[in-house]
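Engineer: What follows is data.txt, compact mmCIF, C-alpha atoms.
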```txt
# COMPACT_ATOMS: atom_id res chain seq x y z
CA MET A 1 14.04 157.17 123.76
CA ILE A 2 16.44 159.07 121.48
CA ARG A 3 14.87 157.38 118.48
CA ASN A 4 11.43 158.67 119.52
CA ILE A 5 12.78 162.18 120.00
CA LEU A 6 14.38 162.08 116.54
CA ARG A 7 11.10 160.87 115.04
CA LEU A 8 9.25 163.71 116.75
CA VAL A 9 11.77 166.29 115.52
CA PHE A 10 11.55 164.88 111.99
CA PHE A 11 7.74 164.90 112.12
CA ILE A 12 7.69 168.55 113.29
CA PHE A 13 10.16 169.41 110.52
CA LEU A 14 7.90 167.78 107.91
CA LEU A 15 4.87 169.65 109.24
CA THR A 16 6.77 172.93 109.09
CA VAL A 17 8.01 172.33 105.55
CA THR A 18 4.55 171.21 104.38
CA HIS A 19 2.93 174.25 105.97
CA ASN A 20 5.48 176.60 104.38
CA VAL A 21 5.03 175.06 100.92
CA GLU A 22 1.25 175.23 101.16
CA SER A 23 1.23 178.77 102.49
CA GLN A 24 3.55 179.97 99.72
CA CYS A 25 1.25 178.79 96.93
CA ARG A 26 -2.27 179.09 98.32
CA LEU A 27 -4.81 180.72 96.05
CA SER A 28 -6.04 182.80 98.96
CA ASP A 29 -2.58 184.41 99.18
CA LEU A 30 -2.51 185.53 95.55
CA PRO A 31 -2.58 189.26 94.92
CA GLN A 32 -6.01 190.42 93.78
CA GLY A 33 -4.68 191.17 90.29
CA ASP A 34 -3.49 187.56 89.90
CA THR A 35 -6.82 186.21 91.13
CA ILE A 36 -8.61 188.35 88.56
CA ALA A 37 -6.14 187.25 85.85
CA LEU A 38 -6.72 183.56 86.63
CA ASN A 39 -10.50 184.00 86.65
CA ASN A 40 -10.32 185.83 83.30
CA LEU A 41 -8.04 183.12 81.89
CA TRP A 42 -10.53 180.43 82.95
CA GLY A 43 -13.41 182.25 81.27
CA LYS A 44 -11.41 182.70 78.06
CA LEU A 45 -10.29 179.06 78.19
CA ARG A 46 -13.93 177.98 78.58
CA ARG A 47 -14.92 180.00 75.50
CA ALA A 48 -11.96 178.69 73.48
CA VAL A 49 -12.72 175.08 74.43
CA ASN A 50 -16.36 175.54 73.45
CA SER A 51 -15.35 177.13 70.13
CA LYS A 52 -12.93 174.24 69.40
CA LYS A 53 -10.67 176.66 67.47
CA LYS A 54 -7.07 175.44 67.53
CA SER A 55 -5.64 178.94 67.14
CA GLU A 56 -7.65 180.17 70.15
CA LEU A 57 -6.63 177.16 72.24
CA SER A 58 -2.95 177.71 71.44
CA LYS A 59 -3.01 181.15 73.10
CA PHE A 60 -3.08 179.53 76.54
CA PHE A 61 0.29 177.79 76.18
CA ASN A 62 3.89 178.82 76.64
CA PHE A 63 5.60 177.11 73.69
CA PRO A 64 7.43 174.83 73.63
CA PHE A 65 6.04 172.93 76.62
CA TYR A 66 6.49 169.41 77.94
CA CYS A 67 3.59 167.03 77.62
CA ALA A 68 3.21 163.47 78.81
CA PRO A 69 2.18 161.09 76.07
CA ILE A 70 -1.58 160.98 76.34
CA ASN A 71 -2.15 158.49 73.55
CA ALA A 72 -0.53 155.34 72.23
CA ASP A 73 1.64 157.24 69.73
CA ASN A 74 4.42 158.03 72.21
CA LYS A 75 4.50 155.24 74.79
CA ASP A 76 8.29 154.95 74.47
CA SER A 77 8.88 158.51 75.68
CA ALA A 78 8.27 159.95 79.15
CA THR A 79 7.53 163.40 77.74
CA VAL A 80 7.25 165.17 74.42
CA LEU A 81 8.46 168.73 73.83
CA VAL A 82 5.44 170.20 72.05
CA THR A 83 5.96 173.06 69.64
CA LYS A 84 3.16 175.31 68.44
CA LYS A 85 3.11 173.47 65.10
CA MET A 86 2.75 170.11 66.88
CA PHE A 87 0.03 171.55 69.09
CA LEU A 88 -1.97 172.81 66.12
CA ASN A 89 -1.56 169.46 64.33
CA LYS A 90 -2.56 167.15 67.17
CA TYR A 91 -1.98 168.15 70.78
CA TYR A 92 -4.84 170.66 70.86
CA GLU A 93 -7.09 167.58 71.15
CA ILE A 94 -6.14 167.29 74.82
CA LEU A 95 -8.21 170.40 75.53
CA LEU A 96 -11.18 168.88 73.74
CA LEU A 97 -11.29 165.68 75.79
CA GLU A 98 -14.71 165.29 77.39
CA ASN A 99 -13.39 165.21 80.97
CA PHE A 100 -11.46 168.45 80.42
CA THR A 101 -14.34 170.24 78.73
CA ASP A 102 -16.58 169.19 81.64
CA LEU A 103 -14.02 170.50 84.13
CA VAL A 104 -13.75 173.88 82.41
CA THR A 105 -17.47 174.21 81.71
CA HIS A 106 -18.85 173.20 85.11
CA ASN A 107 -16.31 174.54 87.63
CA ARG A 108 -14.89 177.84 88.73
CA ILE A 109 -11.12 177.93 88.64
CA SER A 110 -10.96 178.50 92.39
CA GLU A 111 -12.68 175.12 92.88
CA VAL A 112 -10.18 173.09 90.86
CA LEU A 113 -6.83 174.90 90.98
CA VAL A 114 -4.10 173.68 93.34
CA GLY A 115 -0.84 175.51 94.12
CA ASP A 116 2.54 173.86 93.58
CA LEU A 117 5.92 175.15 94.73
CA GLN A 118 8.36 174.83 91.82
CA ASP A 119 12.06 173.98 91.95
CA ASP A 120 12.92 177.66 91.45
CA ALA A 121 10.80 178.57 94.54
CA SER A 122 8.08 180.13 92.39
CA CYS A 123 4.46 179.05 92.40
CA ALA A 124 2.59 177.31 89.65
CA TYR A 125 -0.99 176.11 89.73
CA SER A 126 -2.46 172.89 88.38
CA VAL A 127 -5.84 171.53 87.43
CA SER A 128 -6.44 167.83 86.96
CA PHE A 129 -8.98 165.55 85.38
CA PRO A 130 -9.29 161.79 84.89
CA LEU A 131 -8.38 160.44 81.49
CA ALA A 132 -8.98 156.80 82.33
CA LYS A 133 -10.79 155.39 85.35
CA SER A 134 -9.13 152.72 87.44
CA SER A 135 -10.15 149.15 86.77
CA LYS A 136 -9.02 145.61 87.47
CA LYS A 137 -6.60 145.91 84.54
CA SER A 138 -5.39 149.49 85.05
CA GLU A 139 -4.62 152.01 87.76
CA GLY A 140 -6.32 154.67 85.67
CA LEU A 141 -4.75 157.90 84.48
CA GLN A 142 -5.03 161.44 85.85
CA VAL A 143 -3.99 164.39 83.67
CA PHE A 144 -2.54 167.58 85.20
CA MET A 145 -2.15 170.94 83.44
CA THR A 146 0.19 173.39 85.10
CA PHE A 147 -0.29 177.15 84.82
CA LYS A 148 2.46 179.63 85.64
CA LYS A 149 2.75 183.39 85.41
CA ILE A 150 5.06 184.29 82.53
CA LYS A 151 5.59 187.91 81.54
CA SER A 152 2.53 189.00 83.57
CA GLN A 153 0.22 186.38 81.99
CA TYR A 154 -0.72 182.91 83.20
CA LYS A 155 0.07 180.22 80.61
CA ILE A 156 -0.02 176.43 80.55
CA ILE A 157 3.59 175.31 80.89
CA SER A 158 3.19 171.53 81.04
CA ILE A 159 0.78 168.64 80.84
CA TRP A 160 1.64 165.54 82.80
CA THR A 161 -0.01 162.35 83.98
CA VAL A 162 -0.10 160.14 87.03
CA PRO A 163 -1.25 156.53 86.87
```
Render the structure in this file as structure tokens.
Structural biologist:
Amino acid sequence: MIRNILRLVFFIFLLTVTHNVESQCRLSDLPQGDTIALNNLWGKLRRAVNSKKKSELSKFFNFPFYCAPINADNKDSATVLVTKKMFLNKYYEILLLENFTDLVTHNRISEVLVGDLQDDASCAYSVSFPLAKSSKKSEGLQVFMTFKKIKSQYKIISIWTVP
């Protein structure tokens, strides 16, 4: 009996915490100025991706940023701290991957952006796209790009993956 009551209390606690996290970072709760800023950012990102200009693509990042190894070059490391120079040499290619260009080209940001509560109790927002589909040999790979407001502008602060 007591065990069931404890389970119920724990379940209610989880629901409350989940609701609070979701409500703190919902897109619908963003101030209108932030909504406009994110929509403008998405349009500019779309144009930069279509132009394939590295210098234009770099404007969307807060350097240095952490990036999961997307290719075979860095399988020994969990993340890479990417500088602007590294981005311009190689890491810009992430934004030119077909699945990402399709995401940016064919979706509004409000359709693909998800809010995340950060460790510092601030909100960040992520988009994701598949890098590798699941198969009998692999779980697949999903790439996430996290945007956060820094000095009144939204920037990409990290790129990470989930198998």
Engineer: Pull the closest atom pair for each residue of segment 70-140 of chain A that gets at most 12 Å from segment 35-45 of chain A, along with the distance in Å to one decimal, counting all atoms listed in the file, ordering rows by chain and then ascending residue number, as a Markdown table.
Structural biologist:
```
| residue | atom | partner | partner_atom | distance |
| --- | --- | --- | --- | --- |
| A:Leu95 | CA | A:Leu45 | CA | 9.3 |
| A:Leu96 | CA | A:Leu45 | CA | 11.1 |
| A:Phe100 | CA | A:Leu45 | CA | 10.9 |
| A:Thr101 | CA | A:Leu45 | CA | 9.7 |
| A:Leu103 | CA | A:Trp42 | CA | 10.6 |
| A:Val104 | CA | A:Trp42 | CA | 7.3 |
| A:Thr105 | CA | A:Gly43 | CA | 9.0 |
| A:His106 | CA | A:Trp42 | CA | 11.2 |
| A:Asn107 | CA | A:Trp42 | CA | 9.5 |
| A:Arg108 | CA | A:Trp42 | CA | 7.7 |
| A:Ile109 | CA | A:Trp42 | CA | 6.2 |
| A:Ser110 | CA | A:Asn39 | CA | 8.0 |
| A:Glu111 | CA | A:Asn39 | CA | 11.1 |
| A:Val112 | CA | A:Trp42 | CA | 10.8 |
| A:Leu113 | CA | A:Leu38 | CA | 9.7 |
| A:Ala124 | CA | A:Leu38 | CA | 11.6 |
| A:Tyr125 | CA | A:Leu38 | CA | 9.9 |
| A:Ser126 | CA | A:Leu38 | CA | 11.6 |
| A:Val127 | CA | A:Trp42 | CA | 11.0 |
```
Engineer: Pull C-alpha atoms from the residues just selected and write them as a compact mmCIF listing (two decimals), in the coordinates of the input.
Structural biologist:
```
# COMPACT_ATOMS: atom_id res chain seq x y z
CA LEU A 95 -8.21 170.40 75.53
CA LEU A 96 -11.18 168.88 73.74
CA PHE A 100 -11.46 168.45 80.42
CA THR A 101 -14.34 170.24 78.73
CA LEU A 103 -14.02 170.50 84.13
CA VAL A 104 -13.75 173.88 82.41
CA THR A 105 -17.47 174.21 81.71
CA HIS A 106 -18.85 173.20 85.11
CA ASN A 107 -16.31 174.54 87.63
CA ARG A 108 -14.89 177.84 88.73
CA ILE A 109 -11.12 177.93 88.64
CA SER A 110 -10.96 178.50 92.39
CA GLU A 111 -12.68 175.12 92.88
CA VAL A 112 -10.18 173.09 90.86
CA LEU A 113 -6.83 174.90 90.98
CA ALA A 124 2.59 177.31 89.65
CA TYR A 125 -0.99 176.11 89.73
CA SER A 126 -2.46 172.89 88.38
CA VAL A 127 -5.84 171.53 87.43
```
Engineer: So that all listed atoms of segment 78-96 of chain A fit with 3 Å spare on each side, what axis-aligned box centre and edge lengths in Å, to one decimal, would you give as JSON?
Structural biologist:
```
{"center_x": -1.4, "center_y": 167.6, "center_z": 71.7, "size_x": 25.6, "size_y": 21.4, "size_z": 20.8}
```
Engineer: If we count all atoms listed in the file, what is near Lys53 of chain A at a cut-off of 12 Å, once residues fewer than 4 positions away on the same chain are taken out, given as a compact mmCIF listing (two decimals) with C-alpha atoms, in the coordinates of the input?
Structural biologist:
```
# COMPACT_ATOMS: atom_id res chain seq x y z
CA LEU A 45 -10.29 179.06 78.19
CA ARG A 46 -13.93 177.98 78.58
CA ARG A 47 -14.92 180.00 75.50
CA ALA A 48 -11.96 178.69 73.48
CA VAL A 49 -12.72 175.08 74.43
CA LEU A 57 -6.63 177.16 72.24
CA SER A 58 -2.95 177.71 71.44
CA LYS A 59 -3.01 181.15 73.10
CA PHE A 87 0.03 171.55 69.09
CA LEU A 88 -1.97 172.81 66.12
CA TYR A 92 -4.84 170.66 70.86
CA GLU A 93 -7.09 167.58 71.15
CA LEU A 95 -8.21 170.40 75.53
CA LEU A 96 -11.18 168.88 73.74
```
Engineer: Skipping near chain neighbours, those fewer than 3 positions away, what residues fall within 12 Å of segment 81-86 of chain A using all atoms listed in the file, listed as a PyMOL selection string?
Structural biologist: chain A and resi 54-69+74+77-78+89-93+156-160
Engineer: If you measure from atom CA of Ser135 of chain A to atom CA of Asn99 of chain A, what distance in Å do you get, rounded to one decimal?
Structural biologist: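 For atom CA of Ser135 of chain A relative to atom CA of Asn99 of chain A, the distance reads 17.4 Å.
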Engineer: Rounded to one decimal in Å, what is the spacing between atom CA of Gly115 of chain A and atom CA of Leu141 of chain A?
Structural biologist: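 Distance reported for this atom pair: 20.5 Å.
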Engineer: One decimal, Å: what's the distance from atom CA of Leu117 of chain A over to atom CA of Gln24 of chain A, could you say?
Structural biologist: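 Answer for the atom CA of Leu117 of chain A to atom CA of Gln24 of chain A separation: 7.3 Å.
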Engineer: Using all atoms listed in the file, which residue out of A:Leu131, A:Ile150, A:Met145, A:Leu97 lies closest to Asn50 of chain A?
Structural biologist: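 Of A:Leu131, A:Ile150, A:Met145, A:Leu97, the one nearest Asn50 of chain A, counting all atoms listed in the file, is A:Leu97.
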Engineer: With distances taken over all atoms listed in the file, which residue among A:Ser122, A:Ser51, A:Gln142, A:Thr79 lies nearest Cys25 of chain A?
Structural biologist: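 Among A:Ser122, A:Ser51, A:Gln142, A:Thr79, it is A:Ser122 that comes nearest to Cys25 of chain A.
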Engineer: Counting all atoms listed in the file, figure out which residue out of A:Asp102, A:Pro163, A:Val114, A:Pro31 gets nearest to Gly140 of chain A.
Structural biologist: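 Closest to Gly140 of chain A of all the choices is A:Pro163.
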Engineer: Using only C-alpha atoms, pick whichever of A:Ala121, A:Ser128, A:Gly33, A:Lys137 has the shortest atom-to-atom distance to Tyr154 of chain A.
Structural biologist: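 The answer is A:Gly33, which sits nearest to Tyr154 of chain A.
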Engineer: Using the partial input, fill out segment 25-36 of chain A with all heavy atoms; write the result as a PDB file, keeping the file's coordinate frame.
Structural biologist:
```
ATOM      1  N   CYS A  25       1.940 178.934  98.216  1.00  0.00           N
ATOM      2  CA  CYS A  25       1.250 178.790  96.930  1.00  0.00           C
ATOM      3  C   CYS A  25      -0.266 178.638  97.091  1.00  0.00           C
ATOM      4  O   CYS A  25      -0.915 178.051  96.232  1.00  0.00           O
ATOM      5  CB  CYS A  25       1.809 177.582  96.177  1.00  0.00           C
ATOM      6  SG  CYS A  25       3.544 177.773  95.729  1.00  0.00           S
ATOM      7  N   ARG A  26      -0.815 179.157  98.147  1.00  0.00           N
ATOM      8  CA  ARG A  26      -2.270 179.090  98.320  1.00  0.00           C
ATOM      9  C   ARG A  26      -2.935 180.140  97.448  1.00  0.00           C
ATOM     10  O   ARG A  26      -2.458 181.264  97.321  1.00  0.00           O
ATOM     11  CB  ARG A  26      -2.658 179.328  99.780  1.00  0.00           C
ATOM     12  CG  ARG A  26      -2.406 178.141 100.663  1.00  0.00           C
ATOM     13  CD  ARG A  26      -3.040 178.345 101.997  1.00  0.00           C
ATOM     14  NE  ARG A  26      -2.735 179.674 102.517  1.00  0.00           N
ATOM     15  CZ  ARG A  26      -2.534 179.954 103.782  1.00  0.00           C
ATOM     16  NH1 ARG A  26      -2.603 179.017 104.683  1.00  0.00           N
ATOM     17  NH2 ARG A  26      -2.270 181.183 104.165  1.00  0.00           N
ATOM     18  N   LEU A  27      -4.057 179.776  96.874  1.00  0.00           N
ATOM     19  CA  LEU A  27      -4.810 180.720  96.050  1.00  0.00           C
ATOM     20  C   LEU A  27      -5.257 181.929  96.856  1.00  0.00           C
ATOM     21  O   LEU A  27      -5.299 183.038  96.347  1.00  0.00           O
ATOM     22  CB  LEU A  27      -6.021 180.030  95.427  1.00  0.00           C
ATOM     23  CG  LEU A  27      -5.720 178.972  94.387  1.00  0.00           C
ATOM     24  CD1 LEU A  27      -7.001 178.301  93.936  1.00  0.00           C
ATOM     25  CD2 LEU A  27      -4.991 179.576  93.212  1.00  0.00           C
ATOM     26  N   SER A  28      -5.572 181.698  98.114  1.00  0.00           N
ATOM     27  CA  SER A  28      -6.040 182.800  98.960  1.00  0.00           C
ATOM     28  C   SER A  28      -4.961 183.841  99.210  1.00  0.00           C
ATOM     29  O   SER A  28      -5.258 184.967  99.586  1.00  0.00           O
ATOM     30  CB  SER A  28      -6.578 182.266 100.294  1.00  0.00           C
ATOM     31  OG  SER A  28      -5.547 181.572 100.977  1.00  0.00           O
ATOM     32  N   ASP A  29      -3.689 183.476  98.988  1.00  0.00           N
ATOM     33  CA  ASP A  29      -2.580 184.410  99.180  1.00  0.00           C
ATOM     34  C   ASP A  29      -2.190 185.162  97.917  1.00  0.00           C
ATOM     35  O   ASP A  29      -1.307 186.015  97.943  1.00  0.00           O
ATOM     36  CB  ASP A  29      -1.343 183.666  99.716  1.00  0.00           C
ATOM     37  CG  ASP A  29      -1.550 183.123 101.122  1.00  0.00           C
ATOM     38  OD1 ASP A  29      -2.437 183.640 101.838  1.00  0.00           O
ATOM     39  OD2 ASP A  29      -0.824 182.188 101.500  1.00  0.00           O
ATOM     40  N   LEU A  30      -2.836 184.842  96.804  1.00  0.00           N
ATOM     41  CA  LEU A  30      -2.510 185.530  95.550  1.00  0.00           C
ATOM     42  C   LEU A  30      -2.926 186.989  95.618  1.00  0.00           C
ATOM     43  O   LEU A  30      -3.979 187.314  96.185  1.00  0.00           O
ATOM     44  CB  LEU A  30      -3.249 184.887  94.377  1.00  0.00           C
ATOM     45  CG  LEU A  30      -2.649 183.650  93.763  1.00  0.00           C
ATOM     46  CD1 LEU A  30      -3.609 183.058  92.737  1.00  0.00           C
ATOM     47  CD2 LEU A  30      -1.326 183.948  93.118  1.00  0.00           C
ATOM     48  N   PRO A  31      -2.140 187.879  95.035  1.00  0.00           N
ATOM     49  CA  PRO A  31      -2.580 189.260  94.920  1.00  0.00           C
ATOM     50  C   PRO A  31      -3.893 189.326  94.137  1.00  0.00           C
ATOM     51  O   PRO A  31      -4.147 188.476  93.268  1.00  0.00           O
ATOM     52  CB  PRO A  31      -1.452 189.950  94.147  1.00  0.00           C
ATOM     53  CG  PRO A  31      -0.280 189.041  94.265  1.00  0.00           C
ATOM     54  CD  PRO A  31      -0.819 187.657  94.451  1.00  0.00           C
ATOM     55  N   GLN A  32      -4.708 190.311  94.424  1.00  0.00           N
ATOM     56  CA  GLN A  32      -6.010 190.420  93.780  1.00  0.00           C
ATOM     57  C   GLN A  32      -5.893 190.439  92.253  1.00  0.00           C
ATOM     58  O   GLN A  32      -6.701 189.840  91.548  1.00  0.00           O
ATOM     59  CB  GLN A  32      -6.760 191.656  94.264  1.00  0.00           C
ATOM     60  CG  GLN A  32      -8.169 191.733  93.722  1.00  0.00           C
ATOM     61  CD  GLN A  32      -8.946 192.911  94.270  1.00  0.00           C
ATOM     62  OE1 GLN A  32      -8.404 193.770  94.955  1.00  0.00           O
ATOM     63  NE2 GLN A  32     -10.219 192.956  93.969  1.00  0.00           N
ATOM     64  N   GLY A  33      -4.869 191.113  91.735  1.00  0.00           N
ATOM     65  CA  GLY A  33      -4.680 191.170  90.290  1.00  0.00           C
ATOM     66  C   GLY A  33      -4.455 189.797  89.684  1.00  0.00           C
ATOM     67  O   GLY A  33      -4.945 189.501  88.586  1.00  0.00           O
ATOM     68  N   ASP A  34      -3.718 188.924  90.392  1.00  0.00           N
ATOM     69  CA  ASP A  34      -3.490 187.560  89.900  1.00  0.00           C
ATOM     70  C   ASP A  34      -4.766 186.736  89.961  1.00  0.00           C
ATOM     71  O   ASP A  34      -5.039 185.924  89.074  1.00  0.00           O
ATOM     72  CB  ASP A  34      -2.384 186.878  90.694  1.00  0.00           C
ATOM     73  CG  ASP A  34      -0.999 187.350  90.296  1.00  0.00           C
ATOM     74  OD1 ASP A  34      -0.899 188.214  89.405  1.00  0.00           O
ATOM     75  OD2 ASP A  34      -0.022 186.853  90.870  1.00  0.00           O
ATOM     76  N   THR A  35      -5.541 186.917  91.015  1.00  0.00           N
ATOM     77  CA  THR A  35      -6.820 186.210  91.130  1.00  0.00           C
ATOM     78  C   THR A  35      -7.734 186.593  89.975  1.00  0.00           C
ATOM     79  O   THR A  35      -8.352 185.728  89.342  1.00  0.00           O
ATOM     80  CB  THR A  35      -7.491 186.541  92.476  1.00  0.00           C
ATOM     81  OG1 THR A  35      -6.602 186.169  93.538  1.00  0.00           O
ATOM     82  CG2 THR A  35      -8.802 185.804  92.641  1.00  0.00           C
ATOM     83  N   ILE A  36      -7.792 187.871  89.678  1.00  0.00           N
ATOM     84  CA  ILE A  36      -8.610 188.350  88.560  1.00  0.00           C
ATOM     85  C   ILE A  36      -8.073 187.773  87.242  1.00  0.00           C
ATOM     86  O   ILE A  36      -8.844 187.313  86.395  1.00  0.00           O
ATOM     87  CB  ILE A  36      -8.660 189.887  88.530  1.00  0.00           C
ATOM     88  CG1 ILE A  36      -9.447 190.398  89.742  1.00  0.00           C
ATOM     89  CG2 ILE A  36      -9.256 190.404  87.236  1.00  0.00           C
ATOM     90  CD1 ILE A  36      -9.328 191.894  89.980  1.00  0.00           C
TER      91      ILE A  36
END
```
